[in-house]
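Peer 1: Quick one, upload-v7.csv (CSV, C-alpha atoms):
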```csv
chain,number,residue,atom,x,y,z
A,1,MET,CA,101.1,126.0,77.6
A,2,LYS,CA,98.3,125.5,80.2
A,3,HIS,CA,98.8,127.2,83.5
A,4,ASN,CA,98.5,123.9,85.5
A,5,LYS,CA,101.4,122.5,83.4
A,6,ILE,CA,103.4,125.6,84.1
A,7,LYS,CA,102.7,125.3,87.8
A,8,LYS,CA,104.1,121.7,87.7
A,9,LEU,CA,107.2,123.0,86.0
A,10,VAL,CA,107.5,125.7,88.6
A,11,SER,CA,107.6,122.9,91.3
A,12,GLU,CA,110.4,121.1,89.4
A,13,TYR,CA,112.2,124.5,88.9
A,14,ILE,CA,112.1,125.1,92.7
A,15,ASP,CA,113.7,121.7,93.3
A,16,GLY,CA,116.4,122.3,90.7
A,17,GLU,CA,115.1,119.3,88.7
A,18,LEU,CA,114.0,121.3,85.6
A,19,LYS,CA,116.3,120.7,82.7
A,20,LYS,CA,114.5,122.8,80.0
A,21,HIS,CA,112.3,125.9,80.0
A,22,THR,CA,114.1,127.5,83.0
A,23,ASP,CA,114.1,131.0,81.4
A,24,PHE,CA,110.5,130.7,80.6
A,25,ILE,CA,109.7,129.8,84.2
A,26,GLU,CA,111.8,132.5,85.6
A,27,ASN,CA,110.0,135.1,83.4
A,28,HIS,CA,106.6,133.6,84.3
A,29,LEU,CA,107.4,133.8,88.1
A,30,LYS,CA,107.9,137.5,87.7
A,31,LEU,CA,104.4,137.9,86.4
A,32,CYS,CA,102.3,135.2,88.1
A,33,ASP,CA,101.3,135.6,91.8
A,34,GLU,CA,99.9,132.1,92.0
A,35,CYS,CA,103.2,130.5,91.0
A,36,SER,CA,105.2,132.9,93.1
A,37,GLN,CA,103.2,131.6,96.1
A,38,LEU,CA,104.4,128.1,95.4
A,39,VAL,CA,108.0,129.4,95.7
A,40,LYS,CA,107.1,131.2,98.9
A,41,VAL,CA,105.4,128.0,100.3
A,42,HIS,CA,108.5,126.0,99.4
A,43,LYS,CA,110.8,128.5,101.2
A,44,LEU,CA,108.5,128.7,104.3
A,45,VAL,CA,108.2,124.9,104.5
A,46,LYS,CA,111.9,124.3,104.0
A,47,ALA,CA,112.8,126.9,106.7
A,48,THR,CA,110.2,125.5,109.1
A,49,LEU,CA,111.3,121.9,108.7
A,50,LYS,CA,114.9,122.8,109.0
A,51,GLU,CA,114.4,124.8,112.2
A,52,ASN,CA,113.9,122.1,114.8
A,53,SER,CA,115.7,119.0,115.2
A,54,VAL,CA,115.6,116.2,117.8
A,55,GLU,CA,118.4,114.1,119.2
A,56,VAL,CA,117.9,110.6,120.5
A,57,SER,CA,118.9,109.6,124.0
A,58,PRO,CA,122.5,108.3,124.4
A,59,TYR,CA,121.0,105.1,125.7
A,60,LEU,CA,119.1,104.3,122.5
A,61,PHE,CA,121.5,101.6,121.3
A,62,ALA,CA,121.5,100.0,124.8
A,63,ARG,CA,117.7,99.9,124.6
A,64,ILE,CA,117.8,98.4,121.1
A,65,GLN,CA,120.3,95.7,122.3
A,66,ALA,CA,118.0,94.8,125.3
A,67,GLN,CA,115.0,94.6,123.0
A,68,LEU,CA,116.9,92.4,120.6
A,69,LYS,CA,117.9,90.1,123.4
A,70,GLU,CA,114.3,90.0,124.7
A,71,ARG,CA,113.0,89.2,121.2
A,72,LYS,CA,115.6,86.5,120.8
A,73,THR,CA,114.5,84.9,124.0
A,74,GLN,CA,110.9,85.0,123.0
A,75,GLN,CA,111.9,83.6,119.6
A,76,THR,CA,113.9,80.8,121.2
A,77,PHE,CA,110.8,79.9,123.2
A,78,TRP,CA,108.6,79.9,120.2
A,79,ASP,CA,111.2,78.1,118.1
A,80,TYR,CA,111.2,75.4,120.9
A,81,ALA,CA,107.4,75.3,121.0
A,82,ILE,CA,107.1,75.0,117.2
A,83,ASN,CA,109.8,72.3,117.0
A,84,PHE,CA,108.2,70.4,119.8
A,85,SER,CA,104.8,70.6,118.0
A,86,LYS,CA,106.4,69.4,114.8
A,87,GLU,CA,108.0,66.5,116.5
A,88,LEU,CA,104.8,65.6,118.3
A,89,ALA,CA,102.8,65.8,115.1
A,90,PHE,CA,105.4,63.6,113.3
A,91,ALA,CA,105.3,61.0,116.2
A,92,LEU,CA,101.4,61.0,116.1
A,93,ILE,CA,101.4,60.5,112.3
A,94,LEU,CA,104.0,57.7,112.7
A,95,LEU,CA,101.8,56.0,115.4
A,96,LEU,CA,98.8,56.3,113.2
A,97,PHE,CA,100.6,54.6,110.3
A,98,ILE,CA,101.8,51.8,112.6
A,99,LEU,CA,98.2,51.2,113.9
A,100,LEU,CA,96.9,51.2,110.3
A,101,GLY,CA,99.5,48.7,109.4
A,102,PHE,CA,98.5,46.4,112.3
A,103,GLU,CA,94.9,46.7,111.3
A,104,LEU,CA,95.7,45.8,107.7
A,105,ILE,CA,97.8,42.8,108.7
A,106,SER,CA,95.2,41.5,111.2
A,107,ASN,CA,92.5,41.9,108.5
A,108,ARG,CA,94.5,39.7,106.1
A,109,GLY,CA,94.5,36.9,108.6
A,110,SER,CA,90.8,37.2,109.4
A,111,PHE,CA,88.0,35.1,108.0
A,112,LYS,CA,84.3,35.4,107.3
A,113,VAL,CA,82.1,33.5,109.9
A,114,GLU,CA,79.4,32.7,107.3
A,115,ASP,CA,82.1,31.1,104.9
A,116,VAL,CA,83.3,28.8,107.7
A,117,ILE,CA,79.7,27.8,108.6
A,118,LEU,CA,78.9,27.1,105.0
A,119,ASN,CA,82.1,25.0,104.6
A,120,GLU,CA,81.4,23.0,107.7
A,121,THR,CA,77.7,22.5,106.9
A,122,PRO,CA,77.3,21.5,103.2
A,123,ALA,CA,73.7,20.7,103.8
A,124,VAL,CA,72.9,24.3,104.6
A,125,HIS,CA,75.0,25.4,101.6
A,126,LYS,CA,73.1,23.1,99.3
A,127,ILE,CA,69.7,24.1,100.6
A,128,ILE,CA,70.5,27.8,100.2
A,129,SER,CA,71.9,27.3,96.7
A,130,SER,CA,68.9,25.2,95.6
A,131,ASN,CA,66.8,28.3,95.3
A,132,GLU,CA,63.9,26.6,97.1
A,133,ASN,CA,63.6,23.8,94.5
A,134,LEU,CA,64.0,21.0,97.1
A,135,SER,CA,61.2,19.0,98.6
A,136,LYS,CA,60.7,18.6,102.4
A,137,GLU,CA,62.0,15.1,102.2
A,138,GLU,CA,65.1,16.1,100.3
A,139,ILE,CA,65.9,18.8,102.8
A,140,LEU,CA,65.4,16.4,105.7
A,141,GLU,CA,67.7,13.9,104.1
A,142,LEU,CA,70.4,16.5,103.3
A,143,THR,CA,70.2,17.8,106.9
A,144,LEU,CA,70.5,14.3,108.4
A,145,SER,CA,73.4,13.5,106.2
A,146,ASN,CA,74.9,17.0,106.5
A,147,GLY,CA,75.0,17.3,102.8
A,148,GLY,CA,76.8,14.0,102.4
A,149,LYS,CA,79.6,15.0,104.7
A,150,ASN,CA,78.7,12.3,107.3
A,151,GLY,CA,79.4,9.6,104.7
A,152,LYS,CA,75.8,8.8,103.7
B,1,MET,CA,136.7,103.4,119.5
B,2,THR,CA,133.9,101.8,117.5
B,3,GLU,CA,133.8,104.6,115.0
B,4,GLU,CA,137.5,104.6,114.4
B,5,ARG,CA,137.4,100.9,113.6
B,6,PHE,CA,134.7,101.3,110.9
B,7,LYS,CA,135.4,104.7,109.5
B,8,THR,CA,137.8,103.3,107.0
B,9,LEU,CA,135.5,100.5,105.9
B,10,ASP,CA,133.1,100.5,103.1
B,11,GLU,CA,129.5,100.7,104.3
B,12,ASN,CA,128.5,97.4,102.5
B,13,GLU,CA,131.3,95.7,104.4
B,14,ILE,CA,130.0,97.1,107.7
B,15,VAL,CA,126.5,95.8,106.8
B,16,LYS,CA,127.9,92.4,106.0
B,17,ARG,CA,129.7,92.3,109.4
B,18,ALA,CA,126.5,93.4,111.2
B,19,ARG,CA,124.6,90.7,109.4
B,20,ASP,CA,127.2,88.1,110.5
B,21,GLY,CA,126.6,89.1,114.1
B,22,ASP,CA,129.2,91.7,114.7
B,23,GLU,CA,127.5,93.8,117.4
B,24,LYS,CA,130.0,96.7,117.0
B,25,ALA,CA,129.2,97.0,113.3
B,26,PHE,CA,125.5,97.2,114.1
B,27,GLU,CA,126.2,99.8,116.8
B,28,TYR,CA,128.1,101.9,114.2
B,29,ILE,CA,125.2,101.8,111.8
B,30,VAL,CA,122.7,102.7,114.6
B,31,LYS,CA,124.8,105.6,115.8
B,32,LYS,CA,125.5,106.9,112.3
B,33,TYR,CA,121.8,107.1,111.4
B,34,GLN,CA,119.9,107.3,114.6
B,35,ASN,CA,119.5,111.1,114.6
B,36,LYS,CA,118.7,111.2,110.9
B,37,VAL,CA,116.0,108.6,111.4
B,38,ALA,CA,114.7,110.3,114.6
B,39,ASN,CA,114.4,113.7,112.7
B,40,LEU,CA,112.7,112.1,109.7
B,41,ILE,CA,110.1,110.5,112.1
B,42,PHE,CA,109.7,113.8,113.9
B,43,LYS,CA,109.0,115.7,110.7
B,44,ILE,CA,106.6,113.1,109.3
B,45,ILE,CA,104.7,112.3,112.5
B,46,GLY,CA,105.0,115.7,114.2
B,47,ASP,CA,104.9,114.1,117.7
B,48,GLN,CA,108.2,114.1,119.6
B,49,ASP,CA,106.9,111.8,122.3
B,50,ILE,CA,106.9,108.8,120.0
B,51,VAL,CA,110.2,109.6,118.1
B,52,GLU,CA,112.5,107.5,120.4
B,53,ASP,CA,110.2,104.4,120.4
B,54,LEU,CA,109.8,104.5,116.6
B,55,THR,CA,113.5,105.1,116.1
B,56,GLN,CA,114.1,102.0,118.2
B,57,GLU,CA,111.5,100.1,116.1
B,58,VAL,CA,113.3,101.1,112.9
B,59,PHE,CA,116.6,99.7,114.0
B,60,LEU,CA,115.1,96.5,115.3
B,61,ARG,CA,113.5,96.1,111.9
B,62,VAL,CA,116.8,96.9,110.3
B,63,MET,CA,118.6,94.3,112.3
B,64,GLU,CA,115.9,91.7,111.7
B,65,SER,CA,115.9,92.3,108.0
B,66,LEU,CA,119.6,92.5,107.5
B,67,LYS,CA,119.5,89.0,105.9
B,68,ASP,CA,117.3,90.4,103.2
B,69,TYR,CA,119.4,93.5,102.5
B,70,LYS,CA,120.3,93.9,98.8
B,71,PHE,CA,123.7,95.4,98.5
B,72,GLY,CA,122.9,97.2,95.3
B,73,SER,CA,121.3,100.2,97.0
B,74,ALA,CA,122.7,102.6,99.5
B,75,ILE,CA,122.1,101.7,103.1
B,76,TYR,CA,120.5,105.0,103.9
B,77,THR,CA,117.9,104.4,101.1
B,78,TRP,CA,117.0,101.1,102.8
B,79,ILE,CA,117.0,102.6,106.3
B,80,TYR,CA,114.8,105.5,105.2
B,81,ARG,CA,112.4,103.1,103.4
B,82,ILE,CA,112.0,101.2,106.7
B,83,THR,CA,111.5,104.5,108.5
B,84,VAL,CA,108.9,105.9,106.1
B,85,ASN,CA,107.0,102.6,106.2
B,86,ILE,CA,107.0,102.6,110.0
B,87,CYS,CA,105.8,106.3,110.0
B,88,ILE,CA,103.0,105.5,107.5
B,89,ASP,CA,101.9,102.5,109.6
B,90,GLU,CA,101.9,104.8,112.7
B,91,ILE,CA,99.8,107.5,110.9
B,92,ARG,CA,97.3,104.8,109.8
B,93,LYS,CA,97.2,103.3,113.2
B,94,ARG,CA,96.5,106.7,114.7
B,95,GLN,CA,93.9,107.5,112.1
B,96,ARG,CA,92.2,104.1,112.7
B,97,SER,CA,92.1,104.5,116.5
B,98,ARG,CA,91.0,108.1,116.0
B,99,ALA,CA,93.5,109.1,118.6
B,100,PHE,CA,95.3,111.1,116.0
B,101,SER,CA,94.0,114.6,116.3
B,102,LEU,CA,95.6,117.4,114.4
B,103,ASP,CA,94.7,119.7,117.2
B,104,ASN,CA,96.6,117.4,119.6
B,105,ILE,CA,99.7,117.6,117.5
B,106,VAL,CA,99.6,121.3,117.3
B,107,SER,CA,99.0,121.6,121.1
B,108,GLN,CA,101.6,119.0,121.9
B,109,ASN,CA,104.4,120.5,119.8
B,110,PRO,CA,105.2,123.6,121.9
B,111,LYS,CA,105.8,121.5,125.0
B,112,SER,CA,107.7,118.7,123.3
B,113,GLU,CA,109.8,120.7,120.9
B,114,PRO,CA,113.4,121.4,121.6
B,115,SER,CA,114.4,125.0,122.3
B,116,TYR,CA,113.8,127.6,119.6
B,117,SER,CA,116.6,129.0,117.5
B,118,PRO,CA,117.7,132.5,118.4
B,119,VAL,CA,116.0,134.1,115.5
B,120,GLU,CA,112.5,132.9,116.5
B,121,LYS,CA,112.3,134.4,119.9
B,122,THR,CA,109.5,136.6,118.8
B,123,PHE,CA,106.0,135.5,119.2
B,124,GLU,CA,105.2,136.1,115.5
B,125,ARG,CA,107.9,133.8,114.3
B,126,ARG,CA,106.8,131.1,116.6
B,127,GLU,CA,103.2,131.6,115.5
B,128,MET,CA,104.2,131.5,111.9
B,129,ARG,CA,106.0,128.2,112.5
B,130,GLU,CA,103.0,126.7,114.2
B,131,ILE,CA,100.8,127.7,111.2
B,132,ILE,CA,103.1,126.1,108.8
B,133,GLU,CA,103.6,123.0,110.9
B,134,ASN,CA,99.8,122.7,111.2
B,135,ALA,CA,99.5,123.0,107.4
B,136,ILE,CA,102.1,120.3,106.9
B,137,SER,CA,100.4,118.0,109.4
B,138,LYS,CA,97.1,118.3,107.4
B,139,LEU,CA,98.7,116.8,104.3
B,140,PRO,CA,97.9,113.2,103.4
B,141,ALA,CA,100.7,110.8,104.6
B,142,GLU,CA,102.1,110.2,101.1
B,143,TYR,CA,102.3,113.9,100.3
B,144,LYS,CA,103.8,114.7,103.7
B,145,THR,CA,106.4,112.0,103.3
B,146,VAL,CA,107.7,113.3,99.9
B,147,ILE,CA,107.7,116.9,101.0
B,148,VAL,CA,109.7,116.0,104.2
B,149,LEU,CA,112.2,113.9,102.1
B,150,ARG,CA,112.5,116.8,99.6
B,151,GLU,CA,112.5,119.9,101.8
B,152,PHE,CA,114.1,118.5,105.0
B,153,GLU,CA,116.4,115.8,103.7
B,154,ASP,CA,117.2,117.6,100.4
B,155,LEU,CA,116.9,114.4,98.5
B,156,SER,CA,116.6,114.3,94.8
B,157,TYR,CA,113.5,113.0,93.0
B,158,GLU,CA,115.5,109.9,92.1
B,159,GLU,CA,116.5,109.2,95.7
B,160,ILE,CA,112.9,109.8,96.9
B,161,ALA,CA,111.7,107.4,94.2
B,162,LYS,CA,114.1,104.7,95.3
B,163,ILE,CA,113.2,105.1,99.0
B,164,LEU,CA,109.4,105.0,98.3
B,165,LYS,CA,109.7,102.5,95.5
B,166,ILE,CA,107.7,104.7,93.2
B,167,ARG,CA,108.3,106.3,89.8
B,168,ILE,CA,110.1,109.7,89.5
B,169,GLY,CA,106.9,111.0,87.7
B,170,THR,CA,104.9,110.1,90.8
B,171,VAL,CA,107.4,111.9,93.1
B,172,LYS,CA,107.1,115.0,90.9
B,173,SER,CA,103.3,115.0,91.0
B,174,ARG,CA,103.1,114.3,94.7
B,175,ILE,CA,105.5,117.1,95.5
B,176,PHE,CA,103.6,119.5,93.2
B,177,ARG,CA,100.2,118.5,94.8
B,178,ALA,CA,101.6,118.8,98.3
B,179,ARG,CA,102.8,122.4,97.5
B,180,LYS,CA,99.4,123.2,95.9
B,181,LEU,CA,97.6,121.9,99.0
B,182,LEU,CA,100.0,123.8,101.4
B,183,ALA,CA,99.3,127.0,99.4
B,184,GLU,CA,95.6,126.3,99.8
B,185,TYR,CA,95.9,125.7,103.6
B,186,LEU,CA,98.0,128.9,103.9
B,187,LYS,CA,95.8,131.0,101.7
B,188,GLU,CA,94.0,132.6,104.7
B,189,TYR,CA,97.4,133.8,106.1
B,190,LYS,CA,98.0,136.3,103.3
B,191,GLU,CA,100.8,138.1,105.0
B,192,LEU,CA,102.8,134.8,105.1
B,193,LEU,CA,102.7,134.4,101.3
B,194,LYS,CA,103.5,138.0,100.5
```
Let me see the structure of the file written as structure tokens.
Peer 2:
Amino acid sequence: MKHNKIKKLVSEYIDGELKKHTDFIENHLKLCDECSQLVKVHKLVKATLKENSVEVSPYLFARIQAQLKERKTQQTFWDYAINFSKELAFALILLLFILLGFELISNRGSFKVEDVILNETPAVHKIISSNENLSKEEILELTLSNGGKNGK
Amino acid sequence: MTEERFKTLDENEIVKRARDGDEKAFEYIVKKYQNKVANLIFKIIGDQDIVEDLTQEVFLRVMESLKDYKFGSAIYTWIYRITVNICIDEIRKRQRSRAFSLDNIVSQNPKSEPSYSPVEKTFERREMREIIENAISKLPAEYKTVIVLREFEDLSYEEIAKILKIRIGTVKSRIFRARKLLAEYLKEYKELLK
């Protein structure tokens, strides 16, 4: 077994997590300084970490409560702001749809100016649709009779 | 009074009550775990000045995420996970802002630490502790976290894996690498490793 693999097993042995090869590791530790150092490191670190402990102030919970209330107030404000923005956006979209509806309805009732002109002045209509095949006299006659609309 | 009321209750039940807005249930959880959380923070960060603030932050996050708590795992696993995440965030924040100096921690510790135990009244003992604390503080955050959970909290590989949401194999290798690095850092203090 390679020494690096043995060192990994030593680490597991230290933690009581090694299920097999425990005898082998125990024998190896008697002979190997490098691996014994891992055991020593573990003991030193464990002892050092266990030595000091801290205690929180008795007012910690009160501080947490105060902080929670503050966050709740802030949250309420933001909730209000977000809800207001949502409602405003909804109202604006609704208004936009209403305006678009009006525009569509008013467009349906509208008419083209040129269509009206052409309907009311058949002479012009005939002249335009003749593709310039009419003589001066014919144009004059059409204009005077307004394309026959005047009863001529 | 609060303790008496909840001592007989199952911890999941207490969490449910806290989630439903029972302030006393939340107070029970805070008071039961506050010192454990504070010590875990102290051991991982190594700076006592920030312990109280971070402990407070842990429980604020606990309260805010109670709705997401999955009742399958033990509550301490969940609280420790939040604690470790907050510690790692703090370490990264300090590293980013470059305000996190290892020399600072070492020089801060003597003034901020609580009183020494009777056996360490000698200068040598105190010095030895400082050397080891310095070595621990040099470890990368993920190695430091596993070594603190193992050596200070005495948690099994399985418990550490659950807290950190990593595989047991990863826990094993991180602990091994942390010990190897510590042995490296302490190599120059030969008398310590005799």
Peer 1: Suppose you want the space between CA of Asp10 (chain B) and CA of Leu54 (chain B); what is it in Å?
Peer 2: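 It comes out at 27.2 Å.
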Peer 1: Between CA of Thr77 (chain B) and CA of Glu57 (chain B), what is the distance in Å, rounded to a tenth?
Peer 2: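 Taking CA of Thr77 (chain B) as the start and CA of Glu57 (chain B) as the end point, the length is 16.9 Å.
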Peer 1: Can you check which parts of chain A lie within 8 Å of chain B? Per residue, the shortest pair of atoms and distance in Å to one decimal, counting all atoms listed in the file, sorted by chain and number, as a tab-separated table.
Peer 2:
```
residue	atom	partner	partner_atom	distance
A:Lys7	CA	B:Phe176	CA	8.0
A:Lys8	CA	B:Phe176	CA	5.9
A:Ser11	CA	B:Phe176	CA	5.6
A:Glu12	CA	B:Lys172	CA	7.1
A:Glu17	CA	B:Tyr157	CA	7.8
A:Gln37	CA	B:Leu193	CA	5.9
A:Leu38	CA	B:Arg179	CA	6.3
A:Lys40	CA	B:Leu193	CA	5.9
A:Val41	CA	B:Ala183	CA	6.2
A:His42	CA	B:Arg179	CA	7.0
A:Leu44	CA	B:Ile132	CA	7.5
A:Val45	CA	B:Ile132	CA	6.8
A:Lys46	CA	B:Glu151	CA	5.0
A:Thr48	CA	B:Arg129	CA	6.0
A:Leu49	CA	B:Phe152	CA	5.8
A:Lys50	CA	B:Phe152	CA	5.9
A:Glu51	CA	B:Ser117	CA	7.1
A:Asn52	CA	B:Pro114	CA	6.9
A:Ser53	CA	B:Asn39	CA	6.0
A:Val54	CA	B:Asn39	CA	5.8
A:Glu55	CA	B:Asn35	CA	5.6
A:Val56	CA	B:Asn35	CA	6.1
A:Ser57	CA	B:Glu52	CA	7.6
A:Leu60	CA	B:Gln56	CA	7.0
A:Phe61	CA	B:Glu27	CA	6.8
A:Arg63	CA	B:Gln56	CA	7.6
A:Ile64	CA	B:Gln56	CA	5.9
A:Gln67	CA	B:Leu60	CA	7.9
A:Leu68	CA	B:Leu60	CA	6.9
```
Peer 1: Find the spatial neighbours of Val15 (chain B), counting all atoms listed in the file, within a cut-off of 12 Å - ignore same-chain residues fewer than 3 positions away - and output them as a PyMOL selection string.
Peer 2: chain B and resi 6+9-12+18-30+62-63+65-71+73-76+78-79
Peer 1: Report, in Å with one decimal, the straight-line distance from CA of Gln75 (chain A) to CA of Leu92 (chain A).
Peer 2: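 Interatomic distance here is 25.2 Å.
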